[in-house]
>>> print(open('work_0.txt').read())   # compact mmCIF, C-alpha atoms
# COMPACT_ATOMS: atom_id res chain seq x y z
CA MET A 1 81.93 14.22 30.69
CA ALA A 2 79.77 16.09 33.22
CA GLU A 3 81.85 19.22 32.86
CA ARG A 4 80.52 22.66 33.65
CA PHE A 5 81.78 25.76 31.87
CA ASP A 6 81.22 29.30 33.01
CA LEU A 7 82.14 30.81 29.63
CA ILE A 8 81.13 29.34 26.26
CA VAL A 9 82.76 30.97 23.24
CA PHE A 10 81.43 30.39 19.73
CA ASP A 11 83.01 30.92 16.37
CA TRP A 12 80.50 32.54 13.99
CA ASP A 13 80.81 31.47 10.34
CA GLY A 14 80.19 27.76 9.88
CA THR A 15 79.40 27.28 13.57
CA LEU A 16 76.35 29.42 14.28
CA MET A 17 75.64 30.77 10.79
CA ASP A 18 75.46 28.71 7.61
CA SER A 19 77.88 30.96 5.76
CA ALA A 20 80.93 28.88 4.80
CA GLY A 21 79.63 28.31 1.28
CA ALA A 22 78.98 32.02 0.78
CA ILE A 23 82.51 32.84 1.95
CA VAL A 24 83.99 30.36 -0.53
CA ARG A 25 81.92 31.78 -3.38
CA ALA A 26 82.95 35.35 -2.50
CA MET A 27 86.63 34.39 -2.44
CA GLN A 28 86.31 32.66 -5.79
CA ALA A 29 84.49 35.64 -7.30
CA ALA A 30 87.20 37.99 -6.00
CA THR A 31 89.93 35.94 -7.67
CA ARG A 32 87.99 36.01 -10.95
CA ASP A 33 87.64 39.79 -10.69
CA LEU A 34 91.43 40.03 -10.50
CA GLY A 35 91.85 37.75 -13.50
CA LEU A 36 93.32 34.94 -11.44
CA ALA A 37 92.86 31.20 -11.78
CA GLU A 38 89.82 29.74 -10.06
CA LEU A 39 90.47 29.29 -6.34
CA PRO A 40 89.92 25.63 -5.35
CA GLU A 41 87.10 25.19 -2.85
CA GLU A 42 89.28 23.13 -0.49
CA ARG A 43 91.85 25.91 -0.25
CA ALA A 44 89.17 28.56 0.28
CA ARG A 45 87.53 26.49 3.02
CA TYR A 46 90.84 25.98 4.80
CA VAL A 47 91.40 29.71 5.37
CA ILE A 48 87.90 30.41 6.71
CA GLY A 49 88.22 31.63 10.28
CA LEU A 50 91.41 33.62 9.73
CA GLY A 51 91.34 37.39 9.50
CA LEU A 52 90.40 38.42 5.96
CA GLY A 53 93.78 39.81 4.91
CA GLU A 54 95.63 36.80 6.29
CA ALA A 55 93.08 34.41 4.77
CA LEU A 56 93.48 35.85 1.29
CA ARG A 57 97.28 35.80 1.54
CA HIS A 58 97.14 32.13 2.47
CA ALA A 59 94.62 31.34 -0.25
CA VAL A 60 96.45 33.23 -3.01
CA PRO A 61 100.07 33.36 -1.83
CA ASP A 62 101.60 34.32 -5.19
CA LEU A 63 99.63 37.55 -5.65
CA GLU A 64 101.63 40.75 -5.64
CA GLU A 65 101.37 42.47 -2.25
CA SER A 66 99.99 45.64 -3.83
CA ALA A 67 97.02 43.67 -5.22
CA TYR A 68 95.69 42.33 -1.90
CA PRO A 69 93.73 45.50 -0.99
CA ARG A 70 91.87 45.19 -4.30
CA MET A 71 91.13 41.53 -3.59
CA VAL A 72 89.85 42.40 -0.11
CA GLU A 73 87.58 45.05 -1.65
CA ARG A 74 86.20 42.60 -4.24
CA TYR A 75 85.65 39.90 -1.61
CA ARG A 76 83.70 42.30 0.58
CA HIS A 77 81.65 43.46 -2.40
CA HIS A 78 80.56 39.91 -3.25
CA TYR A 79 80.01 38.76 0.33
CA LEU A 80 78.11 41.81 1.53
CA SER A 81 75.86 41.81 -1.52
CA SER A 82 74.07 38.75 -0.17
CA ASP A 83 75.03 38.30 3.50
CA GLN A 84 71.61 39.47 4.69
CA GLU A 85 70.18 36.37 3.03
CA LEU A 86 72.29 33.99 5.15
CA SER A 87 70.62 32.14 7.99
CA LEU A 88 71.59 30.62 11.30
CA PHE A 89 71.77 26.85 11.45
CA GLU A 90 68.50 25.28 12.51
CA GLY A 91 68.03 25.29 16.28
CA VAL A 92 70.79 27.81 17.04
CA VAL A 93 68.45 30.46 18.47
CA GLU A 94 66.84 27.95 20.81
CA MET A 95 70.24 26.56 21.85
CA ILE A 96 71.67 29.99 22.65
CA ASP A 97 68.53 30.96 24.52
CA ALA A 98 68.70 27.77 26.62
CA LEU A 99 72.38 28.28 27.45
CA ALA A 100 71.73 31.89 28.46
CA ALA A 101 68.83 30.79 30.66
CA ARG A 102 71.17 28.37 32.46
CA GLY A 103 73.45 31.26 33.38
CA HIS A 104 76.40 30.68 31.07
CA LEU A 105 78.48 33.61 29.94
CA LEU A 106 78.33 33.59 26.13
CA ALA A 107 80.84 35.13 23.73
CA VAL A 108 81.97 35.12 20.10
CA ALA A 109 85.53 34.86 18.75
CA THR A 110 85.55 35.24 14.99
CA GLY A 111 87.71 35.93 11.98
CA LYS A 112 85.13 38.48 10.84
CA SER A 113 85.79 42.19 11.10
CA ARG A 114 84.01 44.22 13.79
CA ILE A 115 81.76 45.79 11.16
CA GLY A 116 81.00 42.36 9.71
CA LEU A 117 80.19 40.76 13.05
CA ASP A 118 78.00 43.65 14.19
CA ARG A 119 76.13 43.39 10.89
CA ALA A 120 75.64 39.63 11.39
CA LEU A 121 74.55 40.03 15.01
CA GLY A 122 72.00 42.59 13.90
CA HIS A 123 70.62 40.51 11.04
CA SER A 124 70.41 37.36 13.16
CA GLY A 125 68.97 38.93 16.31
CA LEU A 126 71.52 37.12 18.49
CA GLY A 127 73.42 40.19 19.64
CA ARG A 128 71.51 40.52 22.91
CA TYR A 129 72.71 37.11 24.11
CA PHE A 130 76.46 37.69 23.99
CA HIS A 131 78.30 39.25 26.90
CA ALA A 132 81.42 40.00 24.83
CA THR A 133 82.82 39.50 21.33
CA ARG A 134 86.23 39.68 19.68
CA CYS A 135 87.08 40.03 15.98
CA ALA A 136 90.18 39.49 13.89
CA ASP A 137 90.71 43.22 13.33
CA GLU A 138 90.88 43.75 17.11
CA CYS A 139 93.28 40.96 18.08
CA PHE A 140 95.82 38.62 16.57
CA SER A 141 94.11 36.20 14.20
CA LYS A 142 93.43 32.58 15.10
CA PRO A 143 95.13 30.32 16.08
CA HIS A 144 96.83 32.92 18.30
CA PRO A 145 95.12 32.81 21.75
CA ALA A 146 94.61 36.59 21.98
CA MET A 147 90.87 36.59 21.31
CA LEU A 148 90.14 33.94 23.92
CA GLU A 149 92.50 35.51 26.43
CA ALA A 150 90.83 38.90 25.99
CA LEU A 151 87.37 37.41 26.42
CA MET A 152 88.35 35.50 29.55
CA ASP A 153 89.98 38.60 31.01
CA GLU A 154 86.95 40.79 30.28
CA LEU A 155 84.44 38.30 31.67
CA GLY A 156 86.50 37.00 34.58
CA ALA A 157 86.61 33.38 33.42
CA SER A 158 89.48 30.93 33.86
CA PRO A 159 90.80 28.70 31.07
CA GLU A 160 89.64 25.64 33.00
CA ARG A 161 86.06 26.96 32.96
CA THR A 162 86.03 28.10 29.33
CA LEU A 163 84.89 26.16 26.26
CA MET A 164 85.65 27.16 22.65
CA ILE A 165 83.35 25.87 19.90
CA GLY A 166 84.32 26.05 16.24
CA ASP A 167 84.26 24.44 12.81
CA THR A 168 87.92 24.90 11.87
CA THR A 169 91.26 23.65 13.07
CA HIS A 170 92.16 27.32 13.63
CA ASP A 171 89.46 27.48 16.33
CA LEU A 172 90.63 24.31 18.06
CA GLN A 173 94.29 25.31 17.89
CA MET A 174 93.40 28.68 19.39
CA ALA A 175 91.73 26.85 22.27
CA LYS A 176 94.87 24.75 22.81
CA ASN A 177 97.03 27.86 22.80
CA ALA A 178 94.74 29.52 25.34
CA ARG A 179 94.62 26.32 27.47
CA THR A 180 90.84 25.99 27.18
CA ALA A 181 88.68 23.03 26.24
CA SER A 182 87.15 22.84 22.77
CA LEU A 183 84.28 21.28 20.85
CA GLY A 184 84.65 20.59 17.13
CA VAL A 185 81.78 21.31 14.76
CA GLY A 186 81.88 19.03 11.73
CA PHE A 187 79.21 20.70 9.60
CA GLY A 188 81.15 23.86 8.73
CA ALA A 189 84.35 24.67 6.85
CA HIS A 190 86.85 21.95 7.83
CA PRO A 191 86.38 18.18 7.54
CA LEU A 192 85.57 16.15 10.62
CA ALA A 193 88.81 14.15 10.47
CA ALA A 194 90.90 17.31 10.61
CA LEU A 195 88.97 18.52 13.65
CA GLU A 196 89.29 15.18 15.44
CA ALA A 197 93.07 15.30 14.92
CA GLU A 198 93.17 18.38 17.19
CA SER A 199 91.79 16.29 20.12
CA PRO A 200 88.79 18.40 21.21
CA LEU A 201 86.54 17.09 23.96
CA ALA A 202 84.22 15.87 21.21
CA CYS A 203 83.15 16.52 17.64
CA VAL A 204 79.54 16.89 16.56
CA ARG A 205 78.15 16.26 13.10
CA THR A 206 74.97 18.32 13.06
CA PRO A 207 73.61 21.49 14.69
CA ALA A 208 71.21 19.30 16.65
CA GLU A 209 74.12 17.27 18.02
CA MET A 210 75.89 20.50 19.02
CA ALA A 211 72.85 21.68 20.97
CA SER A 212 72.35 18.29 22.60
CA TRP A 213 76.03 17.98 23.60
CA LEU A 214 76.12 21.44 25.12
CA LEU A 215 72.93 21.05 27.08
CA MET A 216 74.15 17.72 28.43
CA HIS A 217 77.84 18.45 29.09
CA ALA A 218 78.38 22.19 29.38
>>> encode(input="work_0.txt", output="structure tokens")
Amino acid sequence: MAERFDLIVFDWDGTLMDSAGAIVRAMQAATRDLGLAELPEERARYVIGLGLGEALRHAVPDLEESAYPRMVERYRHHYLSSDQELSLFEGVVEMIDALAARGHLLAVATGKSRIGLDRALGHSGLGRYFHATRCADECFSKPHPAMLEALMDELGASPERTLMIGDTTHDLQMAKNARTASLGVGFGAHPLAALEAESPLACVRTPAEMASWLLMHA
């Protein structure tokens, strides 16, 4: 497993930032605001990582199309009211700093909007480490390979030398579609068994394991 990757691409929510729970709560609050039945946590967690509009359509498929903009607005209201209180997983800053010091190109591919990611990069202080980022409102949503393909094109990396890291099956399927390797993160939105079924190089169970694996194998 002594592989070396030029480009390491991270998902954001549930991979670098401990935000999956906040996303679920914001989705559930948005459904309540619209007078809908409580959204089950499992369903809300499944759609994390998709672009917001697509995620809400998957989570609440029976809603009238004209009501989705209102649901998006209510989700953003609830999420943004407390997103500045969210924190990175323990050890993430040190891990990113160590990978940057080793000369890796670092990038983010996320289901967040551009405004949302820029806000998170600013709050977290990680923005200076990433050479490029792609968001769901700039490309096709995961698991389409567009975000990874755009990042590789911009940074001059080949699929064989690119690693995608994420906490959802959408991330790992995107990596397959872009012909890159992947690492599953089992402490975010999707259960470990679902990630393992996508056959990544490995799955890690804690942020410390993620840092250790990357420093040993990337």
>>> atom_distance(input="work_0.txt", atom1="atom CA of A:Arg205", atom2="atom CA of A:Gly186")
4.8 Å
>>> atom_distance(input="work_0.txt", atom1="atom CA of A:Leu105", atom2="atom CA of A:Cys139")
20.3 Å
>>> closest_residue(input="work_0.txt", among="A:Met164, A:Met17, A:Ala202, A:Ala120", to="A:Thr180", atoms="all atoms listed in the file")
A:Met164
>>> atom_distance(input="work_0.txt", atom1="atom CA of A:Phe130", atom2="atom CA of A:Glu196")
27.3 Å
>>> closest_residue(input="work_0.txt", among="A:Ser19, A:Thr133, A:Ser87, A:Thr168", to="A:Glu154", atoms="all atoms listed in the file")
A:Thr133
>>> closest_residue(input="work_0.txt", among="A:Leu99, A:Arg114, A:Trp12, A:Glu90", to="A:Trp213", atoms="only C-alpha atoms")
A:Leu99
>>> build_atoms(input="work_0.txt", residues="stretch 1-37 of chain A", atoms="N, CA and C atoms", output="mmCIF file, in the coordinates of the input")
data_model
loop_
_atom_site.group_PDB
_atom_site.id
_atom_site.type_symbol
_atom_site.label_atom_id
_atom_site.label_comp_id
_atom_site.auth_asym_id
_atom_site.auth_seq_id
_atom_site.Cartn_x
_atom_site.Cartn_y
_atom_site.Cartn_z
ATOM 1 N N MET A 1 81.951 12.986 31.483
ATOM 2 C CA MET A 1 81.930 14.220 30.690
ATOM 3 C C MET A 1 80.994 15.253 31.310
ATOM 4 N N ALA A 2 80.691 15.140 32.579
ATOM 5 C CA ALA A 2 79.770 16.090 33.220
ATOM 6 C C ALA A 2 80.506 17.360 33.596
ATOM 7 N N GLU A 3 81.093 18.001 32.602
ATOM 8 C CA GLU A 3 81.850 19.220 32.860
ATOM 9 C C GLU A 3 80.917 20.422 32.860
ATOM 10 N N ARG A 4 81.320 21.435 33.569
ATOM 11 C CA ARG A 4 80.520 22.660 33.650
ATOM 12 C C ARG A 4 81.427 23.831 33.294
ATOM 13 N N PHE A 5 81.003 24.615 32.331
ATOM 14 C CA PHE A 5 81.780 25.760 31.870
ATOM 15 C C PHE A 5 81.055 27.050 32.186
ATOM 16 N N ASP A 6 81.792 27.994 32.748
ATOM 17 C CA ASP A 6 81.220 29.300 33.010
ATOM 18 C C ASP A 6 81.064 30.100 31.715
ATOM 19 N N LEU A 7 82.091 30.026 30.854
ATOM 20 C CA LEU A 7 82.140 30.810 29.630
ATOM 21 C C LEU A 7 82.142 29.876 28.416
ATOM 22 N N ILE A 8 81.198 30.091 27.510
ATOM 23 C CA ILE A 8 81.130 29.340 26.260
ATOM 24 C C ILE A 8 81.341 30.324 25.117
ATOM 25 N N VAL A 9 82.384 30.071 24.328
ATOM 26 C CA VAL A 9 82.760 30.970 23.240
ATOM 27 C C VAL A 9 82.496 30.278 21.912
ATOM 28 N N PHE A 10 81.763 30.930 21.048
ATOM 29 C CA PHE A 10 81.430 30.390 19.730
ATOM 30 C C PHE A 10 82.197 31.112 18.630
ATOM 31 N N ASP A 11 82.681 30.345 17.664
ATOM 32 C CA ASP A 11 83.010 30.920 16.370
ATOM 33 C C ASP A 11 81.682 31.297 15.704
ATOM 34 N N TRP A 12 81.742 32.114 14.645
ATOM 35 C CA TRP A 12 80.500 32.540 13.990
ATOM 36 C C TRP A 12 80.247 31.784 12.687
ATOM 37 N N ASP A 13 81.048 32.061 11.661
ATOM 38 C CA ASP A 13 80.810 31.470 10.340
ATOM 39 C C ASP A 13 81.062 29.967 10.357
ATOM 40 N N GLY A 14 80.061 29.205 9.927
ATOM 41 C CA GLY A 14 80.190 27.760 9.880
ATOM 42 C C GLY A 14 79.913 27.065 11.183
ATOM 43 N N THR A 15 79.704 27.845 12.252
ATOM 44 C CA THR A 15 79.400 27.280 13.570
ATOM 45 C C THR A 15 77.996 27.663 14.007
ATOM 46 N N LEU A 16 77.698 28.944 13.979
ATOM 47 C CA LEU A 16 76.350 29.420 14.280
ATOM 48 C C LEU A 16 75.586 29.788 13.010
ATOM 49 N N MET A 17 76.287 30.347 12.036
ATOM 50 C CA MET A 17 75.640 30.770 10.790
ATOM 51 C C MET A 17 76.108 29.898 9.633
ATOM 52 N N ASP A 18 75.176 29.551 8.773
ATOM 53 C CA ASP A 18 75.460 28.710 7.610
ATOM 54 C C ASP A 18 76.030 29.579 6.494
ATOM 55 N N SER A 19 77.279 29.959 6.645
ATOM 56 C CA SER A 19 77.880 30.960 5.760
ATOM 57 C C SER A 19 79.164 30.508 5.085
ATOM 58 N N ALA A 20 79.650 29.313 5.377
ATOM 59 C CA ALA A 20 80.930 28.880 4.800
ATOM 60 C C ALA A 20 80.863 28.848 3.279
ATOM 61 N N GLY A 21 79.757 28.368 2.733
ATOM 62 C CA GLY A 21 79.630 28.310 1.280
ATOM 63 C C GLY A 21 79.651 29.685 0.652
ATOM 64 N N ALA A 22 78.995 30.653 1.298
ATOM 65 C CA ALA A 22 78.980 32.020 0.780
ATOM 66 C C ALA A 22 80.369 32.642 0.820
ATOM 67 N N ILE A 23 81.144 32.329 1.856
ATOM 68 C CA ILE A 23 82.510 32.840 1.950
ATOM 69 C C ILE A 23 83.370 32.282 0.822
ATOM 70 N N VAL A 24 83.240 30.981 0.564
ATOM 71 C CA VAL A 24 83.990 30.360 -0.530
ATOM 72 C C VAL A 24 83.631 31.015 -1.852
ATOM 73 N N ARG A 25 82.350 31.187 -2.109
ATOM 74 C CA ARG A 25 81.920 31.780 -3.380
ATOM 75 C C ARG A 25 82.437 33.215 -3.534
ATOM 76 N N ALA A 26 82.446 33.973 -2.432
ATOM 77 C CA ALA A 26 82.950 35.350 -2.500
ATOM 78 C C ALA A 26 84.443 35.388 -2.769
ATOM 79 N N MET A 27 85.198 34.471 -2.159
ATOM 80 C CA MET A 27 86.630 34.390 -2.440
ATOM 81 C C MET A 27 86.874 34.044 -3.903
ATOM 82 N N GLN A 28 86.133 33.067 -4.406
ATOM 83 C CA GLN A 28 86.310 32.660 -5.790
ATOM 84 C C GLN A 28 85.950 33.795 -6.756
ATOM 85 N N ALA A 29 84.883 34.519 -6.450
ATOM 86 C CA ALA A 29 84.490 35.640 -7.300
ATOM 87 C C ALA A 29 85.554 36.737 -7.272
ATOM 88 N N ALA A 30 86.150 36.973 -6.110
ATOM 89 C CA ALA A 30 87.200 37.990 -6.000
ATOM 90 C C ALA A 30 88.413 37.619 -6.843
ATOM 91 N N THR A 31 88.781 36.346 -6.855
ATOM 92 C CA THR A 31 89.930 35.940 -7.670
ATOM 93 C C THR A 31 89.601 36.102 -9.157
ATOM 94 N N ARG A 32 88.366 35.808 -9.547
ATOM 95 C CA ARG A 32 87.990 36.010 -10.950
ATOM 96 C C ARG A 32 88.051 37.484 -11.326
ATOM 97 N N ASP A 33 87.600 38.350 -10.411
ATOM 98 C CA ASP A 33 87.640 39.790 -10.690
ATOM 99 C C ASP A 33 89.051 40.282 -10.944
ATOM 100 N N LEU A 34 90.034 39.633 -10.309
ATOM 101 C CA LEU A 34 91.430 40.030 -10.500
ATOM 102 C C LEU A 34 92.094 39.280 -11.647
ATOM 103 N N GLY A 35 91.305 38.481 -12.368
ATOM 104 C CA GLY A 35 91.850 37.750 -13.500
ATOM 105 C C GLY A 35 92.714 36.573 -13.124
ATOM 106 N N LEU A 36 92.513 36.046 -11.922
ATOM 107 C CA LEU A 36 93.320 34.940 -11.440
ATOM 108 C C LEU A 36 92.646 33.609 -11.729
ATOM 109 N N ALA A 37 93.413 32.544 -11.601
ATOM 110 C CA ALA A 37 92.860 31.200 -11.780
ATOM 111 C C ALA A 37 91.829 30.929 -10.686
#
